[in-house]
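To start, the structure itself, in structure tokens.
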Amino acid sequence: MIEDELNVWCDDQIVGYLWRNEVGVMSFRYDDDWNRFPLSISLPIDKKPERLIAHRFFANLLPEGFARERLCRRLRCPDADFDLLREIGAECAGAISILPVEKAPDLQHAYRKIEEAELVKLIETRGASITVENKPRLSLAGAQDKITVHVDNDLIYLPVQQTPSTHILKFEVSDFKNVPLYEVFTTSLAQAVGLNTIDIELRVLASKSYTLSKRYDRRIKEGEVMRIHQEDFCQALGFKEKYQRGDEPNFAQCYHLIIEHSANPLEDAEQLLKWQLFNVIVGNSDAHIKNLSFLYDNNQTRLAPFYDLVSTRAIEHLDMTLALSVGSQNKPNQITEKSLIEMANQCRIRPRRLFDILNQLITAVEKQYQPTRSAIERQYGAQPALQRVERIIEKQIKLLGKF
Ligand SMILES: Nc1ncnc2c1ncn2[C@@H]1O[C@H](COP(=O)(O)OP(=O)(O)O)[C@@H](O)[C@H]1O
Ligand SMILES: [Mg+2]
């Protein structure tokens with residue numbers, strides 16, 4: 001076994017080679033015959049990657065925080081990017097599979113049904129009870145525990161070995177059990193006011209809730225699941241850090257990235273502006289640059305549907321500081337007209353346009369809040385926890401509605 005090299009595949013084609021040096025820094029080079037698409041805007045095919053950029057791209061595929069710590073313990077894997085990619089890189093966000101050099105991609109797809117008792121156990125253990133033969137080979141970013149699955153006719157399946165998944169199942173967070181409810185509510189409200197979002201459902205089993213979302217980077221073609229490439233904005237911009245600290249990474253960088261690279265910059269930039277303002281209105285302070293992605297479908301670069309939309313301010317004890325400032329303001333309850341003018345200037349758009357989008361959003365949120373809540377309550381019964389979201393929205397609208 002070659003210890004310090006991994007192959008990067010897309011379907012049955014080799015994309016390139018990943019290796020690490022003695023201090024753990026990873027480097028990447030494309031195979032000479034690879035010409036289908038660059039893995040990232042930050043990794044053009046015809047240029048040698050700048051120092052650390054390749055490392056960041058691949059490290060950005062990995063889980064973060066507690067989810068990563070738990071995974072390392074369970075897999076008895078050193079907490080190092082390269083070791084983790086070797087263990088779990090077979091199924092990532094986007095189209096690539098990262099495999100040890102002695103392994104070729106297995107194009108035979110197979111799924112195993114999860115029986116209800118097994119699902120209950122998975123939910124109770126937040127994924128830790130997955131059996132050894134189904135040892136996870138999936139790597140998705142984010143700090144929340146999740147597994148990737150396949151859903152067909154309302155039955156849930158585990159992909160066997162390298163088989164692609166089609167859905168993401170996100171578990172409750174131990175001390176914050178309303179997170180799945182808040183995510184489904186926030187996403188449904190976003191959809192109702194015109195944001196392009198993922199399809200997500202709330203599920204409840206054995207008095208625990210979880211979300212099930214359809215992967216936008218998978219498509220079923222002639223009965224087979226295909227992987228479609230994507231990358232998040234942390235990867236596309238070549239950053240390690242997803243939260244704004246000081247000046248960077250900032251909202252305007254995301255805006256200009258879209259203007260420069262999207263196949264439909266008008267539509268996608270408008271969506272991005274709405275995303276930032278919607279997050280401020282509903283109290284989603286965790287809208288960072290790893291919660292934005294480009295999807296490379298049919299050789300077209302488009303902003304992916306929005307995911308991980310959660311009114312985080314409704315969750316007690318979480319920091320309300322915005323992941324991306326509005327102008328130079330990172331406190332959502334202190335945004336002023338000046339912050340919005342600054343934001344418009346940084347994006348090089350007319351402030352009037354931004355105020356118009358904001359006012360339309362406020363009207364739409366006011367109109368859609370109750371119907372969205374009622375739809376959820378019809379299905380799952382009364383959800384008094386949503387009161388907390390309503391209070392935040394009311395306060396934010398009071399602040400922002402006067403511009
Ligand atoms: N519906 C989806 N389709 C495809 N990829 C997704 C989808 N939802 C999330 N992802 C990918 O999975 C990663 C983690 O999901 P996310 O919901 O952001 O989890 P967390 O709450 O842990 O941050 C995202 O950064 C994105 O790359
Ligand atoms: Mg996330």
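All residue names refer to the structure tokens as shown: chains lettered A, B, ... in order, residues numbered from 1 in each chain, ligands numbered from 1 in order.
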Requested in this report: Please identify the residues whose atoms come within 7 Å of ligand 2, using only C-alpha atoms and all ligand atoms, and report them as a PyMOL selection string.
Outcome: chain A and resi 141-142+290-291+308
Could you save those same residues with N, CA and C atoms as a short mmCIF file (atom, residue, chain, number, x, y, z; two decimals), in the first residue's frame?
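Written out: part28.cif:
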data_model
loop_
_atom_site.label_atom_id
_atom_site.label_comp_id
_atom_site.auth_asym_id
_atom_site.auth_seq_id
_atom_site.Cartn_x
_atom_site.Cartn_y
_atom_site.Cartn_z
N ALA A 141 -19.07 18.29 4.37
CA ALA A 141 -18.65 19.34 5.28
C ALA A 141 -19.73 19.60 6.32
N GLY A 142 -19.43 20.49 7.24
CA GLY A 142 -20.41 20.88 8.25
C GLY A 142 -20.14 20.23 9.58
N LYS A 290 -19.24 28.53 3.29
CA LYS A 290 -19.38 27.10 2.96
C LYS A 290 -20.86 26.72 2.82
N ASN A 291 -21.74 27.67 3.12
CA ASN A 291 -23.16 27.40 2.90
C ASN A 291 -23.64 27.97 1.57
N ASP A 308 -28.77 24.56 4.39
CA ASP A 308 -28.35 24.94 5.74
C ASP A 308 -28.94 26.28 6.17
#
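Among A:Val280, A:Leu324, A:Asp217, A:Ala192, the residue with the shortest atom-to-atom distance to Pro249 of chain A, counting only C-alpha atoms, is A:Leu324.
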Inset, instruction - Tell me which protein, DNA and RNA residues are within 9 Å of Gln271 of chain A, counting only C-alpha atoms, leaving out same-chain ones fewer than 5 positions away, and put them as a VMD selection string. - result: chain A and resid 194 to 196 266 276 303
Can I get the selected residues back with N, CA and C atoms, as a PDB file, in the first residue's frame?
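Saved file selection_0.pdb follows:
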ATOM      1  N   GLY A 194     -39.293  33.223  -2.479  1.00  0.00           N
ATOM      2  CA  GLY A 194     -38.624  33.301  -3.777  1.00  0.00           C
ATOM      3  C   GLY A 194     -37.151  32.938  -3.819  1.00  0.00           C
ATOM      4  N   LEU A 195     -36.626  32.322  -2.750  1.00  0.00           N
ATOM      5  CA  LEU A 195     -35.240  31.853  -2.844  1.00  0.00           C
ATOM      6  C   LEU A 195     -35.233  30.437  -3.409  1.00  0.00           C
ATOM      7  N   ASN A 196     -34.202  30.158  -4.175  1.00  0.00           N
ATOM      8  CA  ASN A 196     -34.070  28.811  -4.727  1.00  0.00           C
ATOM      9  C   ASN A 196     -33.391  27.927  -3.678  1.00  0.00           C
ATOM     10  N   LEU A 266     -26.993  37.607 -13.668  1.00  0.00           N
ATOM     11  CA  LEU A 266     -28.084  38.488 -13.209  1.00  0.00           C
ATOM     12  C   LEU A 266     -28.959  37.767 -12.190  1.00  0.00           C
ATOM     13  N   GLN A 276     -28.665  36.955   1.526  1.00  0.00           N
ATOM     14  CA  GLN A 276     -28.045  37.682   2.634  1.00  0.00           C
ATOM     15  C   GLN A 276     -29.102  38.460   3.433  1.00  0.00           C
ATOM     16  N   LEU A 303     -25.220  29.073  -9.397  1.00  0.00           N
ATOM     17  CA  LEU A 303     -25.331  29.049  -7.944  1.00  0.00           C
ATOM     18  C   LEU A 303     -26.232  27.867  -7.572  1.00  0.00           C
TER      19      LEU A 303
END
Can you build me a table of segment 67-102 of chain A residues sitting at most 12 Å from segment 34-42 of chain A, with the closest atom pair per residue and its distance in Å to one decimal, using only C-alpha atoms, sorted by chain and residue number, as JSON lines?
{"residue": "A:Ala93", "atom": "CA", "partner": "A:Leu39", "partner_atom": "CA", "distance": 11.5}
{"residue": "A:Gly94", "atom": "CA", "partner": "A:Leu39", "partner_atom": "CA", "distance": 9.2}
{"residue": "A:Ala95", "atom": "CA", "partner": "A:Leu39", "partner_atom": "CA", "distance": 9.0}
{"residue": "A:Ile96", "atom": "CA", "partner": "A:Leu39", "partner_atom": "CA", "distance": 8.4}
{"residue": "A:Ser97", "atom": "CA", "partner": "A:Leu39", "partner_atom": "CA", "distance": 11.7}
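Among the candidates A:Leu292, A:Gln144, A:Leu386, A:Val282, the residue lying nearest to Gly65 of chain A is A:Gln144 (atoms considered: only C-alpha atoms).
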Practice problem: Name the residues of segment 165-270 of chain A that come out as helix (DSSP H, G or I) in a backbone DSSP run; write them as a ChimeraX atom specification. | Solution: /A:179-192,233-237,251-261,265-270
Can I get the selection written as an mmCIF file, in the first residue's frame, with N, CA and C atoms?
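Heads up, here's the output in result.cif:
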data_model
loop_
_atom_site.group_PDB
_atom_site.id
_atom_site.type_symbol
_atom_site.label_atom_id
_atom_site.label_comp_id
_atom_site.auth_asym_id
_atom_site.auth_seq_id
_atom_site.Cartn_x
_atom_site.Cartn_y
_atom_site.Cartn_z
ATOM 1 N N VAL A 179 -33.348 22.080 16.187
ATOM 2 C CA VAL A 179 -32.634 22.483 14.963
ATOM 3 C C VAL A 179 -33.293 21.937 13.685
ATOM 4 N N PRO A 180 -33.673 20.638 13.642
ATOM 5 C CA PRO A 180 -34.331 20.175 12.404
ATOM 6 C C PRO A 180 -35.610 20.956 12.085
ATOM 7 N N LEU A 181 -36.405 21.239 13.131
ATOM 8 C CA LEU A 181 -37.629 22.030 12.922
ATOM 9 C C LEU A 181 -37.280 23.418 12.385
ATOM 10 N N TYR A 182 -36.304 24.061 12.988
ATOM 11 C CA TYR A 182 -35.923 25.405 12.544
ATOM 12 C C TYR A 182 -35.362 25.377 11.118
ATOM 13 N N GLU A 183 -34.644 24.329 10.792
ATOM 14 C CA GLU A 183 -34.083 24.274 9.434
ATOM 15 C C GLU A 183 -35.204 24.104 8.397
ATOM 16 N N VAL A 184 -36.145 23.209 8.705
ATOM 17 C CA VAL A 184 -37.221 22.980 7.737
ATOM 18 C C VAL A 184 -38.104 24.226 7.628
ATOM 19 N N PHE A 185 -38.381 24.864 8.762
ATOM 20 C CA PHE A 185 -39.203 26.073 8.719
ATOM 21 C C PHE A 185 -38.491 27.192 7.938
ATOM 22 N N THR A 186 -37.240 27.429 8.268
ATOM 23 C CA THR A 186 -36.499 28.532 7.614
ATOM 24 C C THR A 186 -36.383 28.275 6.109
ATOM 25 N N THR A 187 -36.114 27.018 5.747
ATOM 26 C CA THR A 187 -35.973 26.708 4.316
ATOM 27 C C THR A 187 -37.318 26.869 3.604
ATOM 28 N N SER A 188 -38.399 26.414 4.252
ATOM 29 C CA SER A 188 -39.722 26.532 3.613
ATOM 30 C C SER A 188 -40.103 28.001 3.438
ATOM 31 N N LEU A 189 -39.773 28.812 4.448
ATOM 32 C CA LEU A 189 -40.088 30.240 4.352
ATOM 33 C C LEU A 189 -39.255 30.882 3.227
ATOM 34 N N ALA A 190 -37.991 30.495 3.149
ATOM 35 C CA ALA A 190 -37.117 31.025 2.092
ATOM 36 C C ALA A 190 -37.706 30.702 0.716
ATOM 37 N N GLN A 191 -38.150 29.457 0.582
ATOM 38 C CA GLN A 191 -38.734 29.021 -0.688
ATOM 39 C C GLN A 191 -39.993 29.846 -0.996
ATOM 40 N N ALA A 192 -40.805 30.058 0.043
ATOM 41 C CA ALA A 192 -42.063 30.786 -0.153
ATOM 42 C C ALA A 192 -41.836 32.243 -0.565
ATOM 43 N N PHE A 233 -18.154 27.959 -1.747
ATOM 44 C CA PHE A 233 -17.470 29.227 -2.030
ATOM 45 C C PHE A 233 -16.143 29.349 -1.277
ATOM 46 N N CYS A 234 -15.988 28.590 -0.195
ATOM 47 C CA CYS A 234 -14.704 28.570 0.500
ATOM 48 C C CYS A 234 -13.660 27.947 -0.435
ATOM 49 N N GLN A 235 -14.068 26.889 -1.140
ATOM 50 C CA GLN A 235 -13.171 26.239 -2.091
ATOM 51 C C GLN A 235 -12.939 27.134 -3.310
ATOM 52 N N ALA A 236 -14.020 27.683 -3.849
ATOM 53 C CA ALA A 236 -13.893 28.483 -5.074
ATOM 54 C C ALA A 236 -13.022 29.720 -4.848
ATOM 55 N N LEU A 237 -13.113 30.302 -3.651
ATOM 56 C CA LEU A 237 -12.318 31.504 -3.361
ATOM 57 C C LEU A 237 -10.944 31.170 -2.779
ATOM 58 N N PHE A 251 -18.938 39.286 2.020
ATOM 59 C CA PHE A 251 -20.090 39.072 1.136
ATOM 60 C C PHE A 251 -19.797 39.543 -0.285
ATOM 61 N N ALA A 252 -19.122 40.700 -0.403
ATOM 62 C CA ALA A 252 -18.875 41.247 -1.747
ATOM 63 C C ALA A 252 -18.005 40.292 -2.575
ATOM 64 N N GLN A 253 -17.095 39.561 -1.918
ATOM 65 C CA GLN A 253 -16.279 38.589 -2.669
ATOM 66 C C GLN A 253 -17.177 37.501 -3.273
ATOM 67 N N CYS A 254 -18.191 37.085 -2.517
ATOM 68 C CA CYS A 254 -19.135 36.080 -3.042
ATOM 69 C C CYS A 254 -19.912 36.674 -4.213
ATOM 70 N N TYR A 255 -20.320 37.928 -4.044
ATOM 71 C CA TYR A 255 -21.096 38.600 -5.090
ATOM 72 C C TYR A 255 -20.279 38.682 -6.379
ATOM 73 N N HIS A 256 -19.035 39.137 -6.256
ATOM 74 C CA HIS A 256 -18.209 39.299 -7.462
ATOM 75 C C HIS A 256 -17.824 37.944 -8.072
ATOM 76 N N LEU A 257 -17.710 36.934 -7.236
ATOM 77 C CA LEU A 257 -17.434 35.581 -7.754
ATOM 78 C C LEU A 257 -18.566 35.154 -8.699
ATOM 79 N N ILE A 258 -19.786 35.445 -8.280
ATOM 80 C CA ILE A 258 -20.942 35.091 -9.115
ATOM 81 C C ILE A 258 -20.961 35.910 -10.399
ATOM 82 N N ILE A 259 -20.734 37.205 -10.262
ATOM 83 C CA ILE A 259 -20.740 38.065 -11.457
ATOM 84 C C ILE A 259 -19.705 37.555 -12.466
ATOM 85 N N GLU A 260 -18.565 37.120 -11.955
ATOM 86 C CA GLU A 260 -17.494 36.692 -12.854
ATOM 87 C C GLU A 260 -17.709 35.291 -13.433
ATOM 88 N N HIS A 261 -18.318 34.388 -12.659
ATOM 89 C CA HIS A 261 -18.310 32.987 -13.084
ATOM 90 C C HIS A 261 -19.665 32.367 -13.407
ATOM 91 N N PRO A 265 -25.340 35.452 -14.433
ATOM 92 C CA PRO A 265 -24.947 36.308 -13.306
ATOM 93 C C PRO A 265 -26.087 37.180 -12.786
ATOM 94 N N LEU A 266 -26.993 37.607 -13.668
ATOM 95 C CA LEU A 266 -28.084 38.488 -13.209
ATOM 96 C C LEU A 266 -28.959 37.767 -12.190
ATOM 97 N N GLU A 267 -29.414 36.585 -12.597
ATOM 98 C CA GLU A 267 -30.320 35.824 -11.727
ATOM 99 C C GLU A 267 -29.626 35.369 -10.449
ATOM 100 N N ASP A 268 -28.397 34.852 -10.577
ATOM 101 C CA ASP A 268 -27.711 34.306 -9.408
ATOM 102 C C ASP A 268 -27.284 35.403 -8.431
ATOM 103 N N ALA A 269 -26.880 36.549 -8.965
ATOM 104 C CA ALA A 269 -26.478 37.643 -8.074
ATOM 105 C C ALA A 269 -27.692 38.165 -7.307
ATOM 106 N N GLU A 270 -28.828 38.215 -7.990
ATOM 107 C CA GLU A 270 -30.069 38.658 -7.330
ATOM 108 C C GLU A 270 -30.440 37.671 -6.202
#
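Rounded to one decimal, atom CA of Ala287 of chain A and atom CA of Leu322 of chain A lie 7.4 Å from each other.
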At a cut-off of 6 Å, using only C-alpha atoms, what residues contact Phe294 of chain A? Leave out same-chain residues fewer than 6 positions from it and give the result as a ChimeraX atom specification. /A:230-231,302-304
Would you save the residues from that selection as a compact mmCIF listing (two decimals), in the first residue's frame, using N, CA and C atoms?
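The result, stored in part-v5.txt:
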# COMPACT_ATOMS: atom_id res chain seq x y z
N GLN A 230 -19.80 19.95 -7.82
CA GLN A 230 -20.10 21.22 -7.14
C GLN A 230 -18.88 21.58 -6.29
N GLU A 231 -18.81 22.83 -5.91
CA GLU A 231 -17.83 23.23 -4.89
C GLU A 231 -18.42 24.36 -4.09
N ARG A 302 -23.58 27.43 -12.13
CA ARG A 302 -24.73 28.12 -11.54
C ARG A 302 -24.67 28.05 -10.02
N LEU A 303 -25.22 29.07 -9.40
CA LEU A 303 -25.33 29.05 -7.94
C LEU A 303 -26.23 27.87 -7.57
N ALA A 304 -25.77 27.05 -6.65
CA ALA A 304 -26.56 25.88 -6.24
C ALA A 304 -27.74 26.33 -5.39
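Using only C-alpha atoms, the shortest contact distance between Glu248 of chain A and any of A:Pro105, A:Ser328, A:Pro100, A:Arg373 is found at A:Ser328.
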Using only C-alpha atoms, the residue out of A:Ala54, A:Trp9, A:Asp46, A:Leu122 with shortest distance to Ala104 of chain A is A:Trp9
Hey, what's within 12 Å of Asp356 of chain A if we count only C-alpha atoms and toss same-chain stuff fewer than 5 positions away? As number ranges by chain, please? A: 270, 273-274, 277, 340, 344, 350-351, 361-363, 400-403
Selected residues written out with C-alpha atoms, as an mmCIF file, in the first residue's frame:
data_model
loop_
_atom_site.group_PDB
_atom_site.id
_atom_site.type_symbol
_atom_site.label_atom_id
_atom_site.label_comp_id
_atom_site.auth_asym_id
_atom_site.auth_seq_id
_atom_site.Cartn_x
_atom_site.Cartn_y
_atom_site.Cartn_z
ATOM 1 C CA GLU A 270 -30.069 38.658 -7.330
ATOM 2 C CA LEU A 273 -28.531 39.477 -2.400
ATOM 3 C CA LYS A 274 -31.873 38.015 -1.331
ATOM 4 C CA LEU A 277 -31.010 39.934 3.426
ATOM 5 C CA LEU A 340 -26.872 48.704 3.523
ATOM 6 C CA ALA A 344 -24.426 48.077 -2.112
ATOM 7 C CA ARG A 350 -27.257 51.012 -6.722
ATOM 8 C CA PRO A 351 -28.373 51.276 -3.072
ATOM 9 C CA LEU A 361 -38.560 40.543 1.037
ATOM 10 C CA ILE A 362 -40.015 42.083 4.184
ATOM 11 C CA THR A 363 -43.485 42.185 2.613
ATOM 12 C CA LEU A 400 -35.064 47.117 8.664
ATOM 13 C CA GLY A 401 -38.563 48.067 7.533
ATOM 14 C CA LYS A 402 -37.972 51.801 7.842
ATOM 15 C CA PHE A 403 -35.333 52.183 5.104
#
**Prompt:** Could you name the residues that touch Lys47 of chain A at 10 Å or less, counting only C-alpha atoms, but leaving out those on the same chain fewer than 3 positions away, as number ranges by chain?
**Reply:** A: 29-30, 42-44, 50
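A straight line drawn from atom CA of Ile376 of chain A to atom CA of Thr125 of chain A is 25.8 Å long.
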Give me, as a VMD selection string, the residues of segment 83-308 of chain A that a backbone DSSP run labels strand (DSSP E or B). chain A and resid 91 to 92 96 to 100 111 to 113 138 to 139 146 to 152 155 to 159 167 to 170 173 176 197 200 to 205 208 to 214 218 to 221 224 to 227 229 to 232 245 248 293 to 297 300 to 303 306
